[in-house]
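For reference, work06.cif is printed below; it contains mmCIF, C-alpha atoms.
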```cif
data_work
loop_
_atom_site.group_PDB
_atom_site.id
_atom_site.type_symbol
_atom_site.label_atom_id
_atom_site.label_comp_id
_atom_site.auth_asym_id
_atom_site.auth_seq_id
_atom_site.Cartn_x
_atom_site.Cartn_y
_atom_site.Cartn_z
ATOM 1 C CA MET Q 1 0.000 0.000 0.000
ATOM 2 C CA THR Q 2 1.411 3.410 -0.917
ATOM 3 C CA GLU Q 3 1.171 6.053 1.774
ATOM 4 C CA PRO Q 4 -2.139 7.935 1.476
ATOM 5 C CA GLU Q 5 -2.098 11.668 1.026
ATOM 6 C CA GLU Q 6 -4.452 12.131 3.930
ATOM 7 C CA SER Q 7 -5.413 10.208 7.027
ATOM 8 C CA LEU Q 8 -7.682 7.212 6.567
ATOM 9 C CA ILE Q 9 -9.045 7.777 10.069
ATOM 10 C CA THR Q 10 -12.572 9.121 9.767
ATOM 11 C CA ASP Q 11 -14.913 10.846 12.212
ATOM 12 C CA GLU Q 12 -16.749 7.529 12.452
ATOM 13 C CA HIS Q 13 -13.548 5.862 13.651
ATOM 14 C CA ARG Q 14 -12.840 8.659 16.130
ATOM 15 C CA ALA Q 15 -16.377 8.426 17.520
ATOM 16 C CA LYS Q 16 -15.398 5.087 19.030
ATOM 17 C CA ILE Q 17 -12.861 6.699 21.367
ATOM 18 C CA GLY Q 18 -14.020 6.577 24.977
ATOM 19 C CA VAL Q 19 -16.996 4.273 24.400
ATOM 20 C CA LYS Q 20 -16.950 1.577 27.079
ATOM 21 C CA SER Q 21 -17.785 -2.021 26.253
ATOM 22 C CA GLU Q 22 -20.432 -3.935 28.113
ATOM 23 C CA PRO Q 23 -18.746 -5.857 30.954
ATOM 24 C CA ARG Q 24 -17.598 -9.284 29.828
ATOM 25 C CA SER Q 25 -17.156 -12.100 32.336
ATOM 26 C CA VAL Q 26 -13.809 -13.828 32.650
ATOM 27 C CA THR Q 27 -13.570 -16.820 34.945
ATOM 28 C CA VAL Q 28 -10.145 -17.928 36.098
ATOM 29 C CA ASN Q 29 -10.238 -21.698 36.262
ATOM 30 C CA GLN Q 30 -7.793 -24.302 37.487
ATOM 31 C CA GLU Q 31 -7.521 -25.990 34.101
ATOM 32 C CA ASP Q 32 -6.343 -22.835 32.308
ATOM 33 C CA ALA Q 33 -3.950 -21.934 35.109
ATOM 34 C CA HIS Q 34 -2.514 -25.459 35.154
ATOM 35 C CA ARG Q 35 -2.080 -25.527 31.359
ATOM 36 C CA MET Q 36 -0.271 -22.196 31.272
ATOM 37 C CA ARG Q 37 1.945 -23.031 34.263
ATOM 38 C CA ASP Q 38 2.940 -26.292 32.585
ATOM 39 C CA LEU Q 39 3.646 -24.530 29.319
ATOM 40 C CA LEU Q 40 5.932 -22.017 31.027
ATOM 41 C CA GLY Q 41 7.501 -24.538 33.408
ATOM 42 C CA ASP Q 42 6.306 -22.390 36.298
ATOM 43 C CA THR Q 43 6.977 -24.261 39.565
ATOM 44 C CA ASP Q 44 6.265 -21.354 41.916
ATOM 45 C CA PRO Q 45 4.612 -23.006 44.947
ATOM 46 C CA ARG Q 46 2.260 -20.052 45.368
ATOM 47 C CA TYR Q 47 0.445 -21.064 42.218
ATOM 48 C CA ALA Q 48 0.480 -24.857 42.584
ATOM 49 C CA ASP Q 49 -2.780 -26.788 42.241
ATOM 50 C CA GLY Q 50 -4.818 -26.458 45.428
ATOM 51 C CA THR Q 51 -3.491 -23.048 46.464
ATOM 52 C CA GLY Q 52 -6.457 -21.298 44.888
ATOM 53 C CA VAL Q 53 -4.224 -18.690 43.249
ATOM 54 C CA ALA Q 54 -3.203 -18.364 39.586
ATOM 55 C CA PRO Q 55 -0.101 -16.594 38.269
ATOM 56 C CA PRO Q 56 -0.904 -13.099 37.014
ATOM 57 C CA TYR Q 57 0.020 -13.860 33.389
ATOM 58 C CA VAL Q 58 -2.918 -16.304 33.193
ATOM 59 C CA LEU Q 59 -5.255 -13.367 32.775
ATOM 60 C CA SER Q 60 -3.480 -12.282 29.591
ATOM 61 C CA GLY Q 61 -4.084 -15.666 27.979
ATOM 62 C CA LEU Q 62 -7.772 -15.931 28.788
ATOM 63 C CA GLY Q 63 -8.811 -14.261 25.632
ATOM 64 C CA VAL Q 64 -10.419 -10.991 26.612
ATOM 65 C CA ARG Q 65 -9.814 -8.859 23.600
ATOM 66 C CA PRO Q 66 -11.248 -5.457 22.849
ATOM 67 C CA ASP Q 67 -14.835 -5.734 21.665
ATOM 68 C CA ARG Q 68 -14.741 -5.944 17.830
ATOM 69 C CA ASN Q 69 -17.769 -3.676 17.575
ATOM 70 C CA LEU Q 70 -15.935 -0.973 19.499
ATOM 71 C CA MET Q 71 -12.667 -1.264 17.584
ATOM 72 C CA PRO Q 72 -12.191 1.116 14.689
ATOM 73 C CA GLN Q 73 -11.082 -1.017 11.742
ATOM 74 C CA VAL Q 74 -9.087 1.232 9.422
ATOM 75 C CA LEU Q 75 -6.697 -1.329 7.913
ATOM 76 C CA PRO Q 76 -7.177 -5.076 7.523
ATOM 77 C CA ASN Q 77 -4.514 -6.565 9.804
ATOM 78 C CA GLY Q 78 -3.514 -5.871 13.382
ATOM 79 C CA LEU Q 79 -0.370 -6.521 15.386
ATOM 80 C CA LEU Q 80 0.176 -5.969 19.096
ATOM 81 C CA THR Q 81 3.029 -3.458 19.334
ATOM 82 C CA GLN Q 82 2.922 -2.256 22.960
ATOM 83 C CA ILE Q 83 1.306 -3.546 26.088
ATOM 84 C CA GLU Q 84 1.237 -2.721 29.754
ATOM 85 C CA TRP Q 85 -0.262 -4.882 32.475
ATOM 86 C CA ARG Q 86 -0.718 -3.796 36.075
ATOM 87 C CA PHE Q 87 -1.632 -6.303 38.755
ATOM 88 C CA PHE Q 88 -3.354 -5.036 41.891
ATOM 89 C CA LYS Q 89 -4.612 -8.175 43.615
ATOM 90 C CA PRO Q 90 -3.915 -11.932 43.533
ATOM 91 C CA LEU Q 91 -5.752 -13.759 40.781
ATOM 92 C CA LEU Q 92 -8.048 -16.211 42.556
ATOM 93 C CA ILE Q 93 -9.059 -19.515 40.968
ATOM 94 C CA GLY Q 94 -12.811 -19.597 40.489
ATOM 95 C CA ALA Q 95 -13.162 -15.818 40.558
ATOM 96 C CA THR Q 96 -15.314 -14.285 37.865
ATOM 97 C CA LEU Q 97 -14.000 -10.903 36.810
ATOM 98 C CA GLN Q 98 -15.796 -8.285 34.776
ATOM 99 C CA ALA Q 99 -13.679 -6.869 31.948
ATOM 100 C CA VAL Q 100 -14.544 -3.436 30.601
ATOM 101 C CA SER Q 101 -12.631 -2.146 27.561
ATOM 102 C CA SER Q 102 -12.487 1.073 25.630
ATOM 103 C CA VAL Q 103 -10.482 2.668 22.859
ATOM 104 C CA ILE Q 104 -8.489 5.574 24.272
ATOM 105 C CA ASP Q 105 -6.737 6.890 21.179
ATOM 106 C CA ILE Q 106 -6.272 6.341 17.468
ATOM 107 C CA ARG Q 107 -3.600 7.923 15.322
ATOM 108 C CA ASP Q 108 -1.810 7.657 11.993
ATOM 109 C CA ARG Q 109 1.720 6.374 11.699
ATOM 110 C CA LEU Q 110 3.774 7.163 8.642
ATOM 111 C CA GLY Q 111 6.785 5.169 7.556
ATOM 112 C CA GLY Q 112 7.949 2.113 9.453
ATOM 113 C CA ARG Q 113 7.959 -1.542 8.526
ATOM 114 C CA TYR Q 114 4.414 -1.556 7.162
ATOM 115 C CA GLY Q 115 4.386 1.830 5.483
ATOM 116 C CA TYR Q 116 1.271 3.769 6.445
ATOM 117 C CA SER Q 117 -0.280 2.216 9.526
ATOM 118 C CA VAL Q 118 -2.714 3.167 12.262
ATOM 119 C CA LEU Q 119 -2.144 2.891 16.014
ATOM 120 C CA VAL Q 120 -5.191 2.015 18.081
ATOM 121 C CA MET Q 121 -4.789 2.203 21.858
ATOM 122 C CA THR Q 122 -7.198 0.370 24.120
ATOM 123 C CA GLN Q 123 -7.526 -0.170 27.845
ATOM 124 C CA THR Q 124 -9.214 -2.967 29.756
ATOM 125 C CA GLU Q 125 -9.952 -3.008 33.457
ATOM 126 C CA TYR Q 126 -10.683 -6.251 35.305
ATOM 127 C CA LEU Q 127 -12.949 -5.880 38.333
ATOM 128 C CA ASP Q 128 -13.740 -8.443 41.009
ATOM 129 C CA GLU Q 129 -17.173 -9.154 42.458
ATOM 130 C CA SER Q 130 -16.800 -6.170 44.800
ATOM 131 C CA GLY Q 131 -16.031 -3.867 41.883
ATOM 132 C CA GLU Q 132 -12.385 -3.559 42.974
ATOM 133 C CA PRO Q 133 -9.724 -3.587 40.235
ATOM 134 C CA VAL Q 134 -7.709 -6.807 40.072
ATOM 135 C CA ALA Q 135 -5.684 -5.920 36.971
ATOM 136 C CA ALA Q 136 -5.611 -3.482 34.076
ATOM 137 C CA SER Q 137 -4.069 -3.550 30.650
ATOM 138 C CA LEU Q 138 -3.195 -0.994 28.007
ATOM 139 C CA GLN Q 139 -2.603 -2.194 24.472
ATOM 140 C CA SER Q 140 -1.396 -0.568 21.285
ATOM 141 C CA ILE Q 141 -2.410 -2.375 18.145
ATOM 142 C CA THR Q 142 -0.782 -1.392 14.870
ATOM 143 C CA GLN Q 143 -3.221 -1.830 12.027
ATOM 144 C CA PHE Q 144 -1.565 -2.349 8.680
ATOM 145 C CA ASP Q 145 -2.080 -3.595 5.183
ATOM 146 C CA PRO Q 146 0.350 -6.457 4.480
ATOM 147 C CA LYS Q 147 0.679 -5.204 0.904
ATOM 148 C CA GLY Q 148 2.516 -2.194 2.337
ATOM 149 C CA ALA Q 149 5.139 -4.240 4.203
ATOM 150 C CA ARG Q 150 8.721 -3.387 3.348
ATOM 151 C CA SER Q 151 11.012 -6.302 2.689
ATOM 152 C CA MET Y 1 13.073 -21.237 44.863
ATOM 153 C CA THR Y 2 14.469 -18.862 47.480
ATOM 154 C CA SER Y 3 13.404 -15.370 48.466
ATOM 155 C CA ARG Y 4 15.360 -12.424 47.159
ATOM 156 C CA TYR Y 5 15.524 -9.479 49.523
ATOM 157 C CA PHE Y 6 15.410 -5.830 48.584
ATOM 158 C CA GLU Y 7 18.619 -5.093 50.489
ATOM 159 C CA ASP Y 8 20.540 -7.681 48.463
ATOM 160 C CA VAL Y 9 19.659 -6.172 45.090
ATOM 161 C CA ASN Y 10 21.824 -3.545 43.408
ATOM 162 C CA VAL Y 11 21.279 -1.370 40.374
ATOM 163 C CA ASP Y 12 23.036 -2.963 37.363
ATOM 164 C CA ASP Y 13 22.646 -6.482 38.740
ATOM 165 C CA GLU Y 14 22.096 -8.791 35.790
ATOM 166 C CA LEU Y 15 19.672 -11.695 35.767
ATOM 167 C CA ASP Y 16 20.796 -15.040 34.419
ATOM 168 C CA PRO Y 17 19.561 -15.302 30.840
ATOM 169 C CA ARG Y 18 16.938 -17.898 29.979
ATOM 170 C CA GLU Y 19 16.295 -19.524 26.642
ATOM 171 C CA GLU Y 20 12.864 -20.342 25.232
ATOM 172 C CA LEU Y 21 11.954 -22.055 21.996
ATOM 173 C CA PRO Y 22 8.630 -20.712 20.738
ATOM 174 C CA THR Y 23 6.592 -23.153 18.664
ATOM 175 C CA GLU Y 24 3.187 -23.142 16.982
ATOM 176 C CA ASP Y 25 1.950 -25.677 19.565
ATOM 177 C CA LYS Y 26 3.023 -23.495 22.488
ATOM 178 C CA ALA Y 27 1.247 -20.524 20.941
ATOM 179 C CA ILE Y 28 -1.996 -22.466 20.558
ATOM 180 C CA ASP Y 29 -1.735 -24.120 23.969
ATOM 181 C CA PHE Y 30 -1.136 -20.804 25.691
ATOM 182 C CA PHE Y 31 -4.542 -19.507 24.670
ATOM 183 C CA GLY Y 32 -6.203 -22.945 24.771
ATOM 184 C CA ARG Y 33 -7.117 -25.152 21.840
ATOM 185 C CA ASP Y 34 -10.790 -24.153 22.007
ATOM 186 C CA ASN Y 35 -10.010 -20.432 22.116
ATOM 187 C CA PRO Y 36 -9.630 -19.084 18.586
ATOM 188 C CA THR Y 37 -6.900 -16.473 18.125
ATOM 189 C CA ASN Y 38 -4.898 -15.028 15.269
ATOM 190 C CA PRO Y 39 -4.428 -17.890 12.742
ATOM 191 C CA ALA Y 40 -0.851 -16.664 12.191
ATOM 192 C CA PHE Y 41 0.057 -17.980 15.671
ATOM 193 C CA GLY Y 42 -0.419 -21.606 14.715
ATOM 194 C CA ASP Y 43 0.112 -21.668 10.978
ATOM 195 C CA ALA Y 44 3.312 -20.597 9.219
ATOM 196 C CA GLU Y 45 1.499 -20.080 5.917
ATOM 197 C CA ALA Y 46 -1.062 -17.791 7.568
ATOM 198 C CA GLY Y 47 1.851 -15.910 9.142
ATOM 199 C CA ARG Y 48 3.515 -15.467 5.765
ATOM 200 C CA LYS Y 49 0.248 -14.196 4.284
ATOM 201 C CA GLN Y 50 0.216 -11.529 7.005
ATOM 202 C CA GLY Y 51 3.721 -10.424 6.065
ATOM 203 C CA PHE Y 52 5.804 -12.383 8.580
ATOM 204 C CA GLY Y 53 8.454 -14.996 7.912
ATOM 205 C CA GLY Y 54 6.388 -17.826 9.389
ATOM 206 C CA ALA Y 55 4.125 -18.516 12.366
ATOM 207 C CA LEU Y 56 3.997 -15.450 14.608
ATOM 208 C CA VAL Y 57 4.914 -15.772 18.290
ATOM 209 C CA PRO Y 58 2.089 -14.161 20.323
ATOM 210 C CA GLY Y 59 3.105 -11.027 22.191
ATOM 211 C CA LEU Y 60 1.089 -12.180 25.197
ATOM 212 C CA LEU Y 61 3.087 -15.416 25.377
ATOM 213 C CA LYS Y 62 6.300 -13.366 25.465
ATOM 214 C CA MET Y 63 4.752 -11.202 28.159
ATOM 215 C CA ALA Y 64 3.963 -14.334 30.195
ATOM 216 C CA TRP Y 65 7.563 -15.563 29.798
ATOM 217 C CA ILE Y 66 8.965 -12.240 30.978
ATOM 218 C CA THR Y 67 6.548 -12.039 33.931
ATOM 219 C CA ASN Y 68 7.528 -15.569 34.946
ATOM 220 C CA TYR Y 69 11.246 -14.796 34.421
ATOM 221 C CA VAL Y 70 11.131 -11.834 36.803
ATOM 222 C CA SER Y 71 8.867 -13.636 39.273
ATOM 223 C CA ASN Y 72 11.312 -16.568 39.415
ATOM 224 C CA TRP Y 73 14.206 -14.179 39.951
ATOM 225 C CA GLY Y 74 12.368 -12.475 42.824
ATOM 226 C CA GLY Y 75 11.372 -15.716 44.527
ATOM 227 C CA PRO Y 76 8.213 -16.772 46.350
ATOM 228 C CA ASP Y 77 7.733 -13.483 48.232
ATOM 229 C CA ALA Y 78 8.083 -11.243 45.186
ATOM 230 C CA HIS Y 79 5.073 -9.666 43.524
ATOM 231 C CA VAL Y 80 5.250 -8.489 39.929
ATOM 232 C CA GLN Y 81 3.243 -5.275 39.902
ATOM 233 C CA SER Y 82 3.498 -4.163 36.307
ATOM 234 C CA VAL Y 83 4.944 -5.202 32.977
ATOM 235 C CA ARG Y 84 5.304 -2.731 30.135
ATOM 236 C CA MET Y 85 6.487 -4.109 26.804
ATOM 237 C CA ALA Y 86 7.294 -2.737 23.371
ATOM 238 C CA PHE Y 87 7.358 -5.281 20.552
ATOM 239 C CA ARG Y 88 10.156 -4.118 18.296
ATOM 240 C CA ARG Y 89 10.220 -6.931 15.750
ATOM 241 C CA PRO Y 90 7.925 -9.882 15.140
ATOM 242 C CA ASP Y 91 9.273 -13.222 16.376
ATOM 243 C CA VAL Y 92 8.734 -16.351 14.353
ATOM 244 C CA ALA Y 93 8.119 -19.847 15.775
ATOM 245 C CA GLY Y 94 11.170 -22.071 15.683
ATOM 246 C CA ASN Y 95 13.654 -19.256 16.332
ATOM 247 C CA PRO Y 96 15.039 -19.500 19.889
ATOM 248 C CA LEU Y 97 14.588 -16.492 22.150
ATOM 249 C CA THR Y 98 16.954 -15.471 24.921
ATOM 250 C CA ILE Y 99 15.390 -13.528 27.775
ATOM 251 C CA ALA Y 100 17.765 -11.279 29.689
ATOM 252 C CA GLY Y 101 17.278 -8.642 32.363
ATOM 253 C CA ARG Y 102 19.019 -6.002 34.432
ATOM 254 C CA VAL Y 103 18.098 -3.994 37.540
ATOM 255 C CA VAL Y 104 17.764 -0.328 36.652
ATOM 256 C CA ASP Y 105 16.265 1.157 39.828
ATOM 257 C CA LYS Y 106 15.299 0.318 43.403
ATOM 258 C CA ARG Y 107 13.283 2.488 45.722
ATOM 259 C CA LYS Y 108 10.848 2.505 48.614
ATOM 260 C CA GLU Y 109 7.433 3.628 47.481
ATOM 261 C CA ASN Y 110 4.179 3.577 49.458
ATOM 262 C CA GLU Y 111 5.886 1.383 52.076
ATOM 263 C CA GLN Y 112 6.832 -1.140 49.401
ATOM 264 C CA ASN Y 113 10.289 -2.151 48.223
ATOM 265 C CA ILE Y 114 10.141 -1.652 44.486
ATOM 266 C CA VAL Y 115 12.758 -2.924 42.069
ATOM 267 C CA GLU Y 116 12.577 -1.967 38.430
ATOM 268 C CA LEU Y 117 14.101 -4.137 35.740
ATOM 269 C CA GLU Y 118 14.695 -3.776 32.048
ATOM 270 C CA CYS Y 119 14.248 -7.036 30.192
ATOM 271 C CA VAL Y 120 14.691 -7.985 26.574
ATOM 272 C CA THR Y 121 14.026 -10.929 24.364
ATOM 273 C CA LEU Y 122 16.825 -11.489 21.881
ATOM 274 C CA ALA Y 123 16.335 -13.323 18.610
ATOM 275 C CA ASP Y 124 19.520 -13.925 16.630
ATOM 276 C CA GLY Y 125 21.196 -11.510 19.055
ATOM 277 C CA GLN Y 126 18.822 -8.664 18.203
ATOM 278 C CA PRO Y 127 16.195 -7.348 20.649
ATOM 279 C CA SER Y 128 12.668 -8.176 19.579
ATOM 280 C CA VAL Y 129 10.948 -7.074 22.801
ATOM 281 C CA ARG Y 130 11.972 -4.474 25.334
ATOM 282 C CA ALA Y 131 10.209 -4.588 28.680
ATOM 283 C CA ASN Y 132 10.147 -2.646 31.897
ATOM 284 C CA VAL Y 133 9.003 -4.671 34.904
ATOM 285 C CA GLN Y 134 8.290 -3.470 38.434
ATOM 286 C CA VAL Y 135 8.443 -6.011 41.211
ATOM 287 C CA ALA Y 136 7.928 -5.627 44.978
ATOM 288 C CA LEU Y 137 10.458 -7.577 47.050
ATOM 289 C CA PRO Y 138 10.464 -8.474 50.750
ATOM 290 C CA SER Y 139 12.822 -6.670 53.132
ATOM 291 C CA ARG Y 140 15.173 -8.265 55.651
ATOM 292 C CA GLU Y 141 13.855 -5.623 58.051
ATOM 293 C CA GLY Y 142 10.433 -7.261 57.918
#
```

Show how you would write the structure in this file as C-alpha cells.
Amino acid sequence: MTEPEESLITDEHRAKIGVKSEPRSVTVNQEDAHRMRDLLGDTDPRYADGTGVAPPYVLSGLGVRPDRNLMPQVLPNGLLTQIEWRFFKPLLIGATLQAVSSVIDIRDRLGGRYGYSVLVMTQTEYLDESGEPVAASLQSITQFDPKGARS
Amino acid sequence: MTSRYFEDVNVDDELDPREELPTEDKAIDFFGRDNPTNPAFGDAEAGRKQGFGGALVPGLLKMAWITNYVSNWGGPDAHVQSVRMAFRRPDVAGNPLTIAGRVVDKRKENEQNIVELECVTLADGQPSVRANVQVALPSREG
C-alpha cells in the first residue's frame, strides 16, 4: 500500500474513542492456570494446584480482547506493538472478573515496517465481584495492510 | 526457589539469561485449543500471508515468559506489579529467544520495596521485545 495523502481515520472511527464495552465475564479456572503453568515450566509453589491462586500472566491468555464492535477497523490486519499490564490483587481460581474495555486513542503512523499504519490504543480493566480492580491492561495495536510491508 | 531481599539487590545487577523455543503448539496451547486467536500464531502459511516470515509468536506469550522470568528471579515473596512491553520486531516460531534482564532502579514507594528491571528478548542476538518490569520484594527488616 502506498502512503495515502491524507489520514484514513474518519470521524466515524474517532467516535469510538471513549466508548466503554459492556462488561464481559472472565472466569479464572484451574484448568487454564494449570495448562499455562505447565507450558511455562512455572513451579512457583504459590500457584500450585490447590493453592487457589493463579499466576498473574494467566489473565493475559484468557482471551479478553477489545470488543470488535468498538474497535475502529481502518486497515485489515492488526499486530500488538505495545502492552502494559498492572496487577493489583492476587488472581483467585474460580473468581469471575468483569472486563470493561475502551479505545483511548487512534492515530496515523507514517513510515515504518508496514508503510502507512494506524495505532489504536485500548484499555481494559478487570474488576472483582466487589467492583475492585484486580488488573488493568493498556494495548497498542498497529493496524496495517500487508501489501505495504517493506522487505 | 528462594526469596530475594530488597537489600541484596543492586542497580546494574544482571539476571541469568533464559532460553525459550517458541513453537506453533506453544502458541496455541497458551490460549487454549478451544479459544480461537490469530491464525498466524499456529500456521506458518497464515503468518507469511500476514507479512511475517512464518508462524507469529504471540506477544502475550512473550509477556507471560517475561513475567515468569522476573517472578522466578524475585522468589516466592516477590510480587510483579506491572509489565510494560514494546514489541520491536515480530518473532517467528522455531527461532530461539533469549530472555535477559538487568536492575535499573530500586526504591521505597508507598511502604513497598520496588525494584525496576529492564528485560529484553533477543532473537539472533537482536532485541525483539523491550520490557520494563516493576516487582515488589520483601525486606530483611520485615

Could you produce a table of the residues of chain Q lying within 8 Å of chain Y, with the nearest pair of atoms per residue and their separation in Å rounded to one decimal, using only C-alpha atoms, ordered by chain and increasing residue number, as JSON lines?
```
{"residue": "Q:Asp32", "atom": "CA", "partner": "Y:Gly32", "partner_atom": "CA", "distance": 7.5}
{"residue": "Q:Arg35", "atom": "CA", "partner": "Y:Phe30", "partner_atom": "CA", "distance": 7.4}
{"residue": "Q:Met36", "atom": "CA", "partner": "Y:Phe30", "partner_atom": "CA", "distance": 5.8}
{"residue": "Q:Leu39", "atom": "CA", "partner": "Y:Lys26", "partner_atom": "CA", "distance": 6.9}
{"residue": "Q:Leu40", "atom": "CA", "partner": "Y:Trp65", "partner_atom": "CA", "distance": 6.8}
{"residue": "Q:Asp42", "atom": "CA", "partner": "Y:Asn68", "partner_atom": "CA", "distance": 7.1}
{"residue": "Q:Asp44", "atom": "CA", "partner": "Y:Pro76", "partner_atom": "CA", "distance": 6.7}
{"residue": "Q:Pro45", "atom": "CA", "partner": "Y:Pro76", "partner_atom": "CA", "distance": 7.3}
{"residue": "Q:Arg46", "atom": "CA", "partner": "Y:Pro76", "partner_atom": "CA", "distance": 6.9}
{"residue": "Q:Tyr57", "atom": "CA", "partner": "Y:Ala64", "partner_atom": "CA", "distance": 5.1}
{"residue": "Q:Val58", "atom": "CA", "partner": "Y:Ala64", "partner_atom": "CA", "distance": 7.8}
{"residue": "Q:Ser60", "atom": "CA", "partner": "Y:Leu60", "partner_atom": "CA", "distance": 6.3}
{"residue": "Q:Gly61", "atom": "CA", "partner": "Y:Phe31", "partner_atom": "CA", "distance": 5.1}
{"residue": "Q:Leu62", "atom": "CA", "partner": "Y:Phe31", "partner_atom": "CA", "distance": 6.3}
{"residue": "Q:Gly63", "atom": "CA", "partner": "Y:Phe31", "partner_atom": "CA", "distance": 6.8}
{"residue": "Q:Asn77", "atom": "CA", "partner": "Y:Gln50", "partner_atom": "CA", "distance": 7.4}
{"residue": "Q:Leu80", "atom": "CA", "partner": "Y:Gly59", "partner_atom": "CA", "distance": 6.6}
{"residue": "Q:Thr81", "atom": "CA", "partner": "Y:Phe87", "partner_atom": "CA", "distance": 4.9}
{"residue": "Q:Gln82", "atom": "CA", "partner": "Y:Ala86", "partner_atom": "CA", "distance": 4.4}
{"residue": "Q:Ile83", "atom": "CA", "partner": "Y:Met85", "partner_atom": "CA", "distance": 5.3}
{"residue": "Q:Glu84", "atom": "CA", "partner": "Y:Arg84", "partner_atom": "CA", "distance": 4.1}
{"residue": "Q:Trp85", "atom": "CA", "partner": "Y:Val83", "partner_atom": "CA", "distance": 5.2}
{"residue": "Q:Arg86", "atom": "CA", "partner": "Y:Ser82", "partner_atom": "CA", "distance": 4.2}
{"residue": "Q:Phe87", "atom": "CA", "partner": "Y:Gln81", "partner_atom": "CA", "distance": 5.1}
{"residue": "Q:Phe88", "atom": "CA", "partner": "Y:Gln81", "partner_atom": "CA", "distance": 6.9}
{"residue": "Q:Pro146", "atom": "CA", "partner": "Y:Gly51", "partner_atom": "CA", "distance": 5.4}
{"residue": "Q:Lys147", "atom": "CA", "partner": "Y:Gly51", "partner_atom": "CA", "distance": 7.9}
{"residue": "Q:Ala149", "atom": "CA", "partner": "Y:Gly51", "partner_atom": "CA", "distance": 6.6}
```

**Prompt:** Quick one, how far is atom CA of Y:Asp13 from atom CA of Q:Leu91?
**Reply:**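 Going from atom CA of Y:Asp13 over to atom CA of Q:Leu91 covers 29.4 Å.
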
**Message:** Can you translate the PyMOL selection byres ((chain Y and resi 101) around 10) into the concrete residues it hits in this file, as a count of residues only?
**Reply:** 25

**atom CA of Y:Lys62 to atom CA of Y:Glu116, straight-line distance in Å** =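 Going from atom CA of Y:Glu116 over to atom CA of Y:Lys62, I get 18.4 Å.
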
**Message:** As an exercise, work out the distance from atom CA of Q:Thr122 to atom CA of Q:Ile9 in Å and give it to one decimal place.
**Reply:**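 These two atoms are separated by 16.0 Å.
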